[in-house]
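protein.cif follows (mmCIF, N, CA and C atoms):
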```cif
data_final
loop_
_atom_site.label_atom_id
_atom_site.label_comp_id
_atom_site.auth_asym_id
_atom_site.auth_seq_id
_atom_site.Cartn_x
_atom_site.Cartn_y
_atom_site.Cartn_z
N MET A 1 122.34 191.08 103.95
CA MET A 1 121.66 192.31 104.31
C MET A 1 120.70 192.01 105.45
N MET A 2 120.78 192.75 106.50
CA MET A 2 119.89 192.57 107.65
C MET A 2 118.67 193.47 107.49
N THR A 3 117.54 192.95 107.87
CA THR A 3 116.33 193.76 107.88
C THR A 3 115.73 193.72 109.26
N SER A 4 115.00 194.72 109.60
CA SER A 4 114.33 194.74 110.89
C SER A 4 112.87 195.06 110.68
N ARG A 5 112.07 194.59 111.60
CA ARG A 5 110.64 194.88 111.56
C ARG A 5 110.37 196.20 112.24
N ASN A 6 109.57 196.99 111.60
CA ASN A 6 109.16 198.25 112.16
C ASN A 6 107.81 198.02 112.83
N ASN A 7 107.68 198.37 114.09
CA ASN A 7 106.43 198.16 114.82
C ASN A 7 105.45 199.31 114.68
N ASP A 8 105.77 200.30 113.89
CA ASP A 8 104.90 201.44 113.67
C ASP A 8 103.81 201.03 112.67
N PRO A 9 102.53 200.97 113.10
CA PRO A 9 101.46 200.52 112.21
C PRO A 9 101.22 201.45 111.03
N LEU A 10 101.73 202.67 111.09
CA LEU A 10 101.54 203.60 109.99
C LEU A 10 102.65 203.51 108.97
N GLU A 11 103.69 202.78 109.27
CA GLU A 11 104.84 202.65 108.38
C GLU A 11 104.71 201.38 107.54
N PRO A 12 104.84 201.48 106.21
CA PRO A 12 104.77 200.28 105.38
C PRO A 12 105.85 199.27 105.77
N VAL A 13 105.51 197.97 105.72
CA VAL A 13 106.47 196.92 106.07
C VAL A 13 106.72 195.97 104.90
N GLY A 14 106.05 196.14 103.81
CA GLY A 14 106.23 195.22 102.69
C GLY A 14 106.15 195.98 101.39
N PRO A 15 105.93 195.25 100.30
CA PRO A 15 105.88 195.89 98.99
C PRO A 15 104.61 196.71 98.83
N ASP A 16 104.70 197.73 98.02
CA ASP A 16 103.50 198.49 97.67
C ASP A 16 102.77 197.65 96.63
N CYS A 17 101.66 197.03 97.03
CA CYS A 17 100.94 196.14 96.13
C CYS A 17 99.47 196.12 96.52
N ASP A 18 98.67 195.53 95.66
CA ASP A 18 97.29 195.23 95.97
C ASP A 18 97.19 193.71 96.02
N VAL A 19 96.13 193.20 96.61
CA VAL A 19 95.94 191.75 96.73
C VAL A 19 94.55 191.39 96.22
N VAL A 20 94.51 190.49 95.23
CA VAL A 20 93.24 189.95 94.72
C VAL A 20 92.96 188.67 95.48
N THR A 21 91.84 188.62 96.19
CA THR A 21 91.45 187.47 96.99
C THR A 21 90.31 186.73 96.28
N VAL A 22 90.49 185.40 96.15
CA VAL A 22 89.51 184.55 95.47
C VAL A 22 89.29 183.28 96.29
N PRO A 23 88.17 182.58 96.06
CA PRO A 23 87.99 181.27 96.70
C PRO A 23 89.14 180.34 96.30
N ALA A 24 89.54 179.47 97.22
CA ALA A 24 90.71 178.62 97.01
C ALA A 24 90.58 177.76 95.75
N ARG A 25 89.44 177.19 95.51
CA ARG A 25 89.29 176.29 94.35
C ARG A 25 89.57 177.04 93.04
N GLN A 26 88.99 178.20 92.89
CA GLN A 26 89.20 178.99 91.69
C GLN A 26 90.65 179.48 91.62
N GLY A 27 91.19 179.86 92.76
CA GLY A 27 92.57 180.34 92.80
C GLY A 27 93.57 179.26 92.44
N LEU A 28 93.35 178.03 92.93
CA LEU A 28 94.27 176.93 92.60
C LEU A 28 94.24 176.63 91.10
N GLU A 29 93.04 176.64 90.53
CA GLU A 29 92.92 176.44 89.08
C GLU A 29 93.65 177.55 88.33
N ALA A 30 93.49 178.79 88.79
CA ALA A 30 94.14 179.92 88.13
C ALA A 30 95.66 179.82 88.23
N VAL A 31 96.19 179.40 89.38
CA VAL A 31 97.64 179.22 89.51
C VAL A 31 98.12 178.19 88.49
N ASP A 32 97.40 177.08 88.35
CA ASP A 32 97.78 176.07 87.37
C ASP A 32 97.77 176.64 85.95
N ILE A 33 96.74 177.39 85.63
CA ILE A 33 96.62 178.01 84.30
C ILE A 33 97.79 178.96 84.07
N LEU A 34 98.09 179.79 85.06
CA LEU A 34 99.18 180.77 84.92
C LEU A 34 100.53 180.08 84.77
N ARG A 35 100.74 179.01 85.50
CA ARG A 35 102.02 178.29 85.41
C ARG A 35 102.17 177.55 84.09
N ARG A 36 101.07 177.17 83.46
CA ARG A 36 101.15 176.50 82.16
C ARG A 36 101.30 177.48 81.02
N GLY A 37 101.06 178.76 81.28
CA GLY A 37 101.15 179.78 80.25
C GLY A 37 102.58 180.09 79.87
N ALA A 38 102.73 180.97 78.92
CA ALA A 38 104.06 181.36 78.45
C ALA A 38 104.77 182.18 79.52
N GLY A 39 105.97 181.79 79.87
CA GLY A 39 106.76 182.53 80.83
C GLY A 39 106.26 182.35 82.25
N ASP A 40 106.87 183.08 83.16
CA ASP A 40 106.46 183.07 84.56
C ASP A 40 105.39 184.13 84.75
N ALA A 41 104.14 183.72 84.64
CA ALA A 41 103.04 184.68 84.69
C ALA A 41 102.48 184.88 86.08
N VAL A 42 102.89 184.06 87.05
CA VAL A 42 102.30 184.16 88.38
C VAL A 42 103.30 184.75 89.36
N GLY A 43 102.82 185.70 90.13
CA GLY A 43 103.63 186.29 91.20
C GLY A 43 103.34 185.57 92.50
N PRO A 44 103.80 186.12 93.62
CA PRO A 44 103.54 185.47 94.91
C PRO A 44 102.05 185.31 95.18
N VAL A 45 101.71 184.17 95.78
CA VAL A 45 100.31 183.86 96.09
C VAL A 45 100.23 183.42 97.55
N LEU A 46 99.33 184.04 98.29
CA LEU A 46 99.10 183.72 99.70
C LEU A 46 97.92 182.78 99.86
N HIS A 47 97.93 182.01 100.94
CA HIS A 47 96.72 181.27 101.32
C HIS A 47 96.41 181.63 102.77
N ASP A 48 95.13 181.60 103.09
CA ASP A 48 94.75 181.89 104.47
C ASP A 48 94.97 180.63 105.31
N GLY A 49 94.92 180.77 106.60
CA GLY A 49 95.18 179.65 107.50
C GLY A 49 94.24 178.47 107.29
N GLY A 50 93.00 178.72 106.93
CA GLY A 50 92.04 177.65 106.70
C GLY A 50 92.02 177.16 105.27
N CYS A 51 92.86 177.74 104.43
CA CYS A 51 92.93 177.40 103.00
C CYS A 51 91.59 177.60 102.30
N ASP A 52 90.84 178.59 102.73
CA ASP A 52 89.56 178.91 102.10
C ASP A 52 89.74 179.88 100.94
N THR A 53 90.75 180.73 101.02
CA THR A 53 90.98 181.74 99.98
C THR A 53 92.46 181.80 99.61
N LEU A 54 92.70 182.32 98.41
CA LEU A 54 94.06 182.62 97.95
C LEU A 54 94.13 184.11 97.65
N GLY A 55 95.30 184.69 97.83
CA GLY A 55 95.52 186.09 97.53
C GLY A 55 96.68 186.25 96.58
N PHE A 56 96.42 186.83 95.42
CA PHE A 56 97.43 187.09 94.40
C PHE A 56 97.96 188.51 94.56
N LEU A 57 99.27 188.66 94.71
CA LEU A 57 99.85 190.00 94.75
C LEU A 57 99.84 190.56 93.34
N VAL A 58 99.29 191.76 93.21
CA VAL A 58 99.19 192.44 91.92
C VAL A 58 99.76 193.85 92.09
N PRO A 59 100.07 194.54 90.99
CA PRO A 59 100.66 195.87 91.10
C PRO A 59 99.72 196.86 91.82
N PRO A 60 100.31 197.85 92.48
CA PRO A 60 99.49 198.87 93.14
C PRO A 60 98.61 199.59 92.11
N GLY A 61 97.42 199.95 92.53
CA GLY A 61 96.48 200.63 91.64
C GLY A 61 95.47 199.69 91.00
N THR A 62 95.71 198.38 91.09
CA THR A 62 94.81 197.40 90.49
C THR A 62 93.42 197.48 91.11
N ALA A 63 93.35 197.72 92.42
CA ALA A 63 92.07 197.73 93.13
C ALA A 63 91.10 198.76 92.57
N ALA A 64 91.62 199.86 92.07
CA ALA A 64 90.76 200.94 91.58
C ALA A 64 89.88 200.50 90.41
N ALA A 65 90.34 199.54 89.61
CA ALA A 65 89.58 199.14 88.43
C ALA A 65 89.19 197.66 88.45
N TRP A 66 89.39 196.97 89.58
CA TRP A 66 89.12 195.54 89.64
C TRP A 66 87.62 195.30 89.74
N ASP A 67 87.07 194.48 88.84
CA ASP A 67 85.62 194.25 88.81
C ASP A 67 85.28 192.80 88.48
N VAL A 68 86.13 191.86 88.88
CA VAL A 68 85.90 190.46 88.56
C VAL A 68 84.96 189.86 89.61
N PRO A 69 83.77 189.37 89.17
CA PRO A 69 82.82 188.80 90.12
C PRO A 69 83.44 187.63 90.90
N GLY A 70 83.11 187.54 92.17
CA GLY A 70 83.60 186.45 93.01
C GLY A 70 84.97 186.70 93.59
N SER A 71 85.54 187.87 93.35
CA SER A 71 86.85 188.20 93.89
C SER A 71 86.82 189.62 94.45
N VAL A 72 87.82 189.90 95.27
CA VAL A 72 87.95 191.23 95.87
C VAL A 72 89.40 191.66 95.71
N CYS A 73 89.61 192.91 95.36
CA CYS A 73 90.97 193.44 95.28
C CYS A 73 91.12 194.54 96.31
N THR A 74 92.14 194.40 97.15
CA THR A 74 92.36 195.31 98.28
C THR A 74 93.71 195.99 98.16
N GLU A 75 93.74 197.28 98.44
CA GLU A 75 95.01 198.01 98.50
C GLU A 75 95.71 197.68 99.80
N THR A 76 97.01 197.49 99.77
CA THR A 76 97.75 197.24 101.01
C THR A 76 98.67 198.39 101.38
N ASP A 77 99.10 199.17 100.41
CA ASP A 77 100.07 200.24 100.66
C ASP A 77 101.29 199.72 101.40
N GLY A 78 101.62 198.43 101.20
CA GLY A 78 102.79 197.84 101.83
C GLY A 78 102.59 197.42 103.26
N ARG A 79 101.39 197.55 103.80
CA ARG A 79 101.14 197.19 105.20
C ARG A 79 100.65 195.74 105.30
N GLY A 80 101.25 194.99 106.19
CA GLY A 80 100.75 193.67 106.51
C GLY A 80 101.31 192.52 105.71
N ILE A 81 102.12 192.76 104.67
CA ILE A 81 102.69 191.67 103.89
C ILE A 81 104.20 191.82 103.90
N CYS A 82 104.88 190.74 104.22
CA CYS A 82 106.34 190.72 104.18
C CYS A 82 106.77 189.68 103.16
N LEU A 83 107.55 190.09 102.19
CA LEU A 83 108.00 189.16 101.15
C LEU A 83 109.23 188.40 101.61
N THR A 84 109.00 187.51 102.55
CA THR A 84 110.05 186.62 103.03
C THR A 84 109.51 185.20 102.89
N PRO A 85 110.40 184.22 102.83
CA PRO A 85 109.91 182.84 102.72
C PRO A 85 109.11 182.39 103.94
N ASP A 86 109.27 183.08 105.06
CA ASP A 86 108.51 182.75 106.26
C ASP A 86 107.06 183.15 106.08
N ARG A 87 106.31 183.00 107.12
CA ARG A 87 104.89 183.38 107.10
C ARG A 87 104.77 184.86 106.75
N PRO A 88 104.03 185.20 105.69
CA PRO A 88 103.95 186.58 105.22
C PRO A 88 103.09 187.49 106.09
N ALA A 89 102.08 186.95 106.71
CA ALA A 89 101.18 187.73 107.56
C ALA A 89 100.52 186.75 108.52
N GLU A 90 99.94 187.28 109.57
CA GLU A 90 99.30 186.43 110.57
C GLU A 90 98.22 185.56 109.93
N ASP A 91 98.16 184.29 110.32
CA ASP A 91 97.16 183.32 109.84
C ASP A 91 97.21 183.12 108.32
N SER A 92 98.41 183.12 107.74
CA SER A 92 98.53 182.89 106.31
C SER A 92 99.85 182.20 106.01
N GLY A 93 100.02 181.82 104.76
CA GLY A 93 101.26 181.23 104.30
C GLY A 93 101.37 181.42 102.80
N TRP A 94 102.51 181.01 102.25
CA TRP A 94 102.74 181.17 100.81
C TRP A 94 102.35 179.89 100.07
N LEU A 95 101.55 180.00 99.03
CA LEU A 95 101.35 178.93 98.07
C LEU A 95 102.46 179.03 97.03
N VAL A 96 102.67 180.24 96.51
CA VAL A 96 103.79 180.54 95.62
C VAL A 96 104.62 181.59 96.34
N PRO A 97 105.74 181.19 96.93
CA PRO A 97 106.53 182.13 97.71
C PRO A 97 107.30 183.13 96.85
N PRO A 98 107.64 184.26 97.44
CA PRO A 98 108.49 185.22 96.72
C PRO A 98 109.82 184.55 96.43
N GLY A 99 110.44 184.95 95.36
CA GLY A 99 111.69 184.33 94.96
C GLY A 99 111.46 183.22 93.95
N GLU A 100 110.29 182.60 93.97
CA GLU A 100 109.93 181.58 92.98
C GLU A 100 109.00 182.19 91.93
N ALA A 101 108.80 183.49 92.00
CA ALA A 101 107.82 184.12 91.13
C ALA A 101 108.23 185.56 90.84
N ASP A 102 107.52 186.18 89.90
CA ASP A 102 107.68 187.60 89.65
C ASP A 102 107.23 188.35 90.91
N LEU A 103 107.47 189.64 90.94
CA LEU A 103 107.05 190.43 92.10
C LEU A 103 105.55 190.57 92.21
N ALA A 104 104.84 190.50 91.08
CA ALA A 104 103.38 190.61 91.10
C ALA A 104 102.82 189.95 89.84
N THR A 105 101.58 189.52 89.93
CA THR A 105 100.89 188.92 88.79
C THR A 105 100.26 190.05 87.98
N ASP A 106 100.40 189.99 86.68
CA ASP A 106 99.79 190.98 85.79
C ASP A 106 98.27 190.88 85.94
N PRO A 107 97.59 191.97 86.26
CA PRO A 107 96.14 191.91 86.50
C PRO A 107 95.34 191.43 85.29
N ALA A 108 95.74 191.81 84.09
CA ALA A 108 95.01 191.38 82.89
C ALA A 108 95.14 189.87 82.70
N VAL A 109 96.33 189.34 82.94
CA VAL A 109 96.57 187.91 82.81
C VAL A 109 95.82 187.16 83.91
N LEU A 110 95.81 187.71 85.12
CA LEU A 110 95.08 187.10 86.23
C LEU A 110 93.58 187.09 85.95
N ARG A 111 93.05 188.18 85.43
CA ARG A 111 91.62 188.27 85.11
C ARG A 111 91.23 187.16 84.13
N GLU A 112 92.05 186.96 83.10
CA GLU A 112 91.78 185.92 82.11
C GLU A 112 91.86 184.52 82.74
N ALA A 113 92.88 184.30 83.57
CA ALA A 113 93.05 182.99 84.21
C ALA A 113 91.90 182.69 85.17
N LEU A 114 91.44 183.70 85.91
CA LEU A 114 90.32 183.49 86.82
C LEU A 114 89.04 183.16 86.06
N GLY A 115 88.84 183.82 84.92
CA GLY A 115 87.67 183.52 84.09
C GLY A 115 87.72 182.10 83.55
N GLN A 116 88.89 181.71 83.06
CA GLN A 116 89.05 180.35 82.55
C GLN A 116 88.86 179.33 83.67
N ALA A 117 89.41 179.62 84.85
CA ALA A 117 89.26 178.72 86.00
C ALA A 117 87.79 178.56 86.37
N GLN A 118 87.05 179.66 86.38
CA GLN A 118 85.63 179.59 86.73
C GLN A 118 84.85 178.75 85.72
N ARG A 119 85.18 178.91 84.44
CA ARG A 119 84.50 178.11 83.41
C ARG A 119 84.82 176.62 83.58
N MET A 120 86.07 176.30 83.93
CA MET A 120 86.45 174.90 84.15
C MET A 120 85.70 174.31 85.34
N ILE A 121 85.58 175.09 86.40
CA ILE A 121 84.87 174.63 87.61
C ILE A 121 83.40 174.40 87.29
N GLU A 122 82.78 175.33 86.58
CA GLU A 122 81.38 175.19 86.21
C GLU A 122 81.17 173.95 85.34
N ALA A 123 82.08 173.71 84.39
CA ALA A 123 81.96 172.54 83.53
C ALA A 123 82.11 171.25 84.34
N ALA A 124 83.07 171.22 85.25
CA ALA A 124 83.28 170.03 86.08
C ALA A 124 82.07 169.77 86.98
N ASP A 125 81.54 170.84 87.56
CA ASP A 125 80.39 170.70 88.47
C ASP A 125 79.13 170.26 87.72
N SER A 126 78.99 170.64 86.46
CA SER A 126 77.80 170.25 85.70
C SER A 126 77.85 168.80 85.25
N CYS A 127 79.04 168.18 85.30
CA CYS A 127 79.19 166.76 84.94
C CYS A 127 78.87 165.83 86.08
N SER A 128 78.77 166.35 87.29
CA SER A 128 78.54 165.45 88.42
C SER A 128 77.09 165.29 88.75
#
```

Would it be possible to restate this file's structure as C-alpha coordinates?
Amino acid sequence: MMTSRNNDPLEPVGPDCDVVTVPARQGLEAVDILRRGAGDAVGPVLHDGGCDTLGFLVPPGTAAAWDVPGSVCTETDGRGICLTPDRPAEDSGWLVPPGEADLATDPAVLREALGQAQRMIEAADSCS
(Lines of atoms letter the chains of each structure in order from A and count residues from 1; the text may use other names and numbers.)
(Lines give C-alpha, C1' and ligand atoms only; values in the text may rest on other atoms or scores of the structure.)
Protein backbone atom coordinates (compact mmCIF):
# COMPACT_ATOMS: atom_id res chain seq x y z
CA MET A 1 0.00 0.00 0.00
CA MET A 2 1.44 3.36 -1.00
CA THR A 3 0.97 6.39 1.17
CA SER A 4 1.66 10.00 0.41
CA ARG A 5 2.34 12.97 2.60
CA ASN A 6 -0.20 15.70 2.59
CA ASN A 7 1.40 19.16 2.80
CA ASP A 8 -1.80 20.80 4.01
CA PRO A 9 -1.11 21.87 7.64
CA LEU A 10 -4.83 21.69 8.43
CA GLU A 11 -5.13 18.07 7.32
CA PRO A 12 -4.27 15.33 9.84
CA VAL A 13 -1.23 13.25 8.84
CA GLY A 14 -1.11 10.66 11.60
CA PRO A 15 -3.23 8.89 14.17
CA ASP A 16 -5.78 10.74 16.23
CA CYS A 17 -3.96 10.59 19.58
CA ASP A 18 -2.70 12.60 22.49
CA VAL A 19 0.92 12.59 23.66
CA VAL A 20 2.05 12.47 27.30
CA THR A 21 5.49 14.10 27.59
CA VAL A 22 7.73 13.31 30.58
CA PRO A 23 11.40 13.79 31.52
CA ALA A 24 13.52 11.06 29.89
CA ARG A 25 14.67 9.46 33.15
CA GLN A 26 11.14 8.97 34.44
CA GLY A 27 9.93 7.90 31.00
CA LEU A 28 12.64 5.26 30.61
CA GLU A 29 11.77 3.81 34.01
CA ALA A 30 8.09 3.80 33.06
CA VAL A 31 8.81 1.99 29.77
CA ASP A 32 10.69 -0.69 31.72
CA ILE A 33 7.82 -1.01 34.20
CA LEU A 34 5.25 -1.26 31.40
CA ARG A 35 7.28 -3.88 29.52
CA ARG A 36 7.62 -6.01 32.67
CA GLY A 37 3.87 -5.87 33.28
CA ALA A 38 1.28 -8.32 32.06
CA GLY A 39 0.86 -8.22 28.30
CA ASP A 40 2.01 -5.51 25.93
CA ALA A 41 1.11 -2.46 27.98
CA VAL A 42 3.26 0.10 26.17
CA GLY A 43 2.36 1.78 22.91
CA PRO A 44 4.68 3.80 20.67
CA VAL A 45 7.08 6.08 22.54
CA LEU A 46 8.91 9.06 21.03
CA HIS A 47 12.13 10.69 22.17
CA ASP A 48 13.20 14.21 21.37
CA GLY A 49 16.43 14.89 19.50
CA GLY A 50 18.32 15.73 22.69
CA CYS A 51 16.84 12.75 24.56
CA ASP A 52 15.58 15.09 27.28
CA THR A 53 11.96 13.96 27.09
CA LEU A 54 9.86 10.97 26.05
CA GLY A 55 6.38 11.11 24.57
CA PHE A 56 3.88 8.28 25.08
CA LEU A 57 1.09 8.02 22.52
CA VAL A 58 -2.21 7.71 24.38
CA PRO A 59 -5.83 7.58 23.17
CA PRO A 60 -7.48 10.83 22.06
CA GLY A 61 -9.26 12.66 24.86
CA THR A 62 -6.62 11.79 27.48
CA ALA A 63 -5.40 15.41 27.63
CA ALA A 64 -8.75 16.63 28.96
CA ALA A 65 -8.31 14.77 32.26
CA TRP A 66 -4.52 14.39 32.52
CA ASP A 67 -3.22 15.74 35.84
CA VAL A 68 0.03 13.88 36.58
CA PRO A 69 2.61 16.26 38.09
CA GLY A 70 5.82 16.57 36.08
CA SER A 71 4.17 15.61 32.81
CA VAL A 72 2.15 17.29 30.09
CA CYS A 73 -0.50 15.75 27.87
CA THR A 74 -1.09 17.41 24.49
CA GLU A 75 -3.79 16.82 21.90
CA THR A 76 -2.42 16.20 18.41
CA ASP A 77 -5.59 15.61 16.37
CA GLY A 78 -3.33 13.51 14.12
CA ARG A 79 -1.07 16.44 13.20
CA GLY A 80 2.68 16.11 13.32
CA ILE A 81 3.08 12.38 14.07
CA CYS A 82 3.54 9.70 11.44
CA LEU A 83 3.40 6.08 12.57
CA THR A 84 6.19 4.82 10.36
CA PRO A 85 9.45 3.22 11.43
CA ASP A 86 11.24 6.31 10.10
CA ARG A 87 11.55 9.54 12.02
CA PRO A 88 8.02 10.30 13.30
CA ALA A 89 8.38 14.08 13.52
CA GLU A 90 11.09 16.69 13.13
CA ASP A 91 13.86 16.45 15.78
CA SER A 92 12.55 13.18 17.23
CA GLY A 93 12.79 9.42 16.93
CA TRP A 94 11.15 6.25 18.20
CA LEU A 95 12.19 4.61 21.47
CA VAL A 96 9.36 2.09 21.02
CA PRO A 97 8.43 2.15 17.33
CA PRO A 98 4.98 1.45 15.96
CA GLY A 99 4.56 -2.17 15.00
CA GLU A 100 6.43 -3.28 18.14
CA ALA A 101 3.67 -1.97 20.37
CA ASP A 102 -0.04 -1.39 20.76
CA LEU A 103 -1.45 1.67 19.00
CA ALA A 104 -1.51 3.62 22.28
CA THR A 105 -0.64 3.21 25.94
CA ASP A 106 -3.59 2.95 28.31
CA PRO A 107 -3.60 6.23 30.28
CA ALA A 108 -4.50 4.57 33.60
CA VAL A 109 -1.66 2.07 33.23
CA LEU A 110 0.73 4.86 32.20
CA ARG A 111 -0.31 7.00 35.19
CA GLU A 112 0.50 4.10 37.55
CA ALA A 113 3.84 3.35 35.82
CA LEU A 114 4.89 7.02 35.96
CA GLY A 115 4.07 7.15 39.67
CA GLN A 116 6.06 4.00 40.34
CA ALA A 117 8.95 5.32 38.23
CA GLN A 118 9.00 8.59 40.19
CA ARG A 119 9.07 6.72 43.50
CA MET A 120 11.97 4.57 42.25
CA ILE A 121 13.91 7.66 41.15
CA GLU A 122 13.32 9.40 44.47
CA ALA A 123 14.45 6.29 46.37
CA ALA A 124 17.60 5.96 44.23
CA ASP A 125 18.43 9.66 44.60
CA SER A 126 18.02 9.53 48.38
CA CYS A 127 20.61 6.73 48.60
CA SER A 128 23.36 8.78 47.02

How big is the axis-aligned box, and where does its centre sit, when it encloses all atoms of segment 61-65 of chain A listed in the file and has 4 Å added on every side, reported in Å to one decimal as JSON?
```
{"center_x": 93.3, "center_y": 199.2, "center_z": 90.8, "size_x": 16.2, "size_y": 11.5, "size_z": 12.7}
```

Residues in the PyMOL selection byres (((chain A and resi 95 and name CA) around 7) and name CA), expressed as a short mmCIF file (atom, residue, chain, number, x, y, z; two decimals) with N, CA and C atoms, keeping the file's coordinate frame:
```cif
data_model
loop_
_atom_site.label_atom_id
_atom_site.label_comp_id
_atom_site.auth_asym_id
_atom_site.auth_seq_id
_atom_site.Cartn_x
_atom_site.Cartn_y
_atom_site.Cartn_z
N VAL A 45 101.71 184.17 95.78
CA VAL A 45 100.31 183.86 96.09
C VAL A 45 100.23 183.42 97.55
N LEU A 46 99.33 184.04 98.29
CA LEU A 46 99.10 183.72 99.70
C LEU A 46 97.92 182.78 99.86
N HIS A 47 97.93 182.01 100.94
CA HIS A 47 96.72 181.27 101.32
C HIS A 47 96.41 181.63 102.77
N GLY A 93 100.02 181.82 104.76
CA GLY A 93 101.26 181.23 104.30
C GLY A 93 101.37 181.42 102.80
N TRP A 94 102.51 181.01 102.25
CA TRP A 94 102.74 181.17 100.81
C TRP A 94 102.35 179.89 100.07
N VAL A 96 102.67 180.24 96.51
CA VAL A 96 103.79 180.54 95.62
C VAL A 96 104.62 181.59 96.34
N PRO A 97 105.74 181.19 96.93
CA PRO A 97 106.53 182.13 97.71
C PRO A 97 107.30 183.13 96.85
#
```

Check your understanding: On this structure, which residues satisfy the PyMOL selection byres ((chain A and resi 49-57) around 8), written as a count of residues only?
Key -> 32

Review point. Could you state the separation of atom CA of Ala41 of chain A and atom CA of Asp77 of chain A in Å, given to one decimal place?
Key: 22.5 Å

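Using only C-alpha atoms, the smallest distance between any of A:Glu75, A:Cys127, A:Gln116, A:Leu110 and Ala63 of chain A comes from A:Glu75.
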
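Going from atom C of Trp66 of chain A to atom CA of Ala30 of chain A covers 16.8 Å.
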
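If you look at atom CA of Val72 of chain A and atom CA of Gly115 of chain A, they are 14.1 Å away from each other.
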
Practice item. Find, counting all atoms listed in the file, the residue in A:Ala65, A:Glu29, A:Gly37, A:Val109 that gets nearest to Ile121 of chain A. Key: A:Glu29
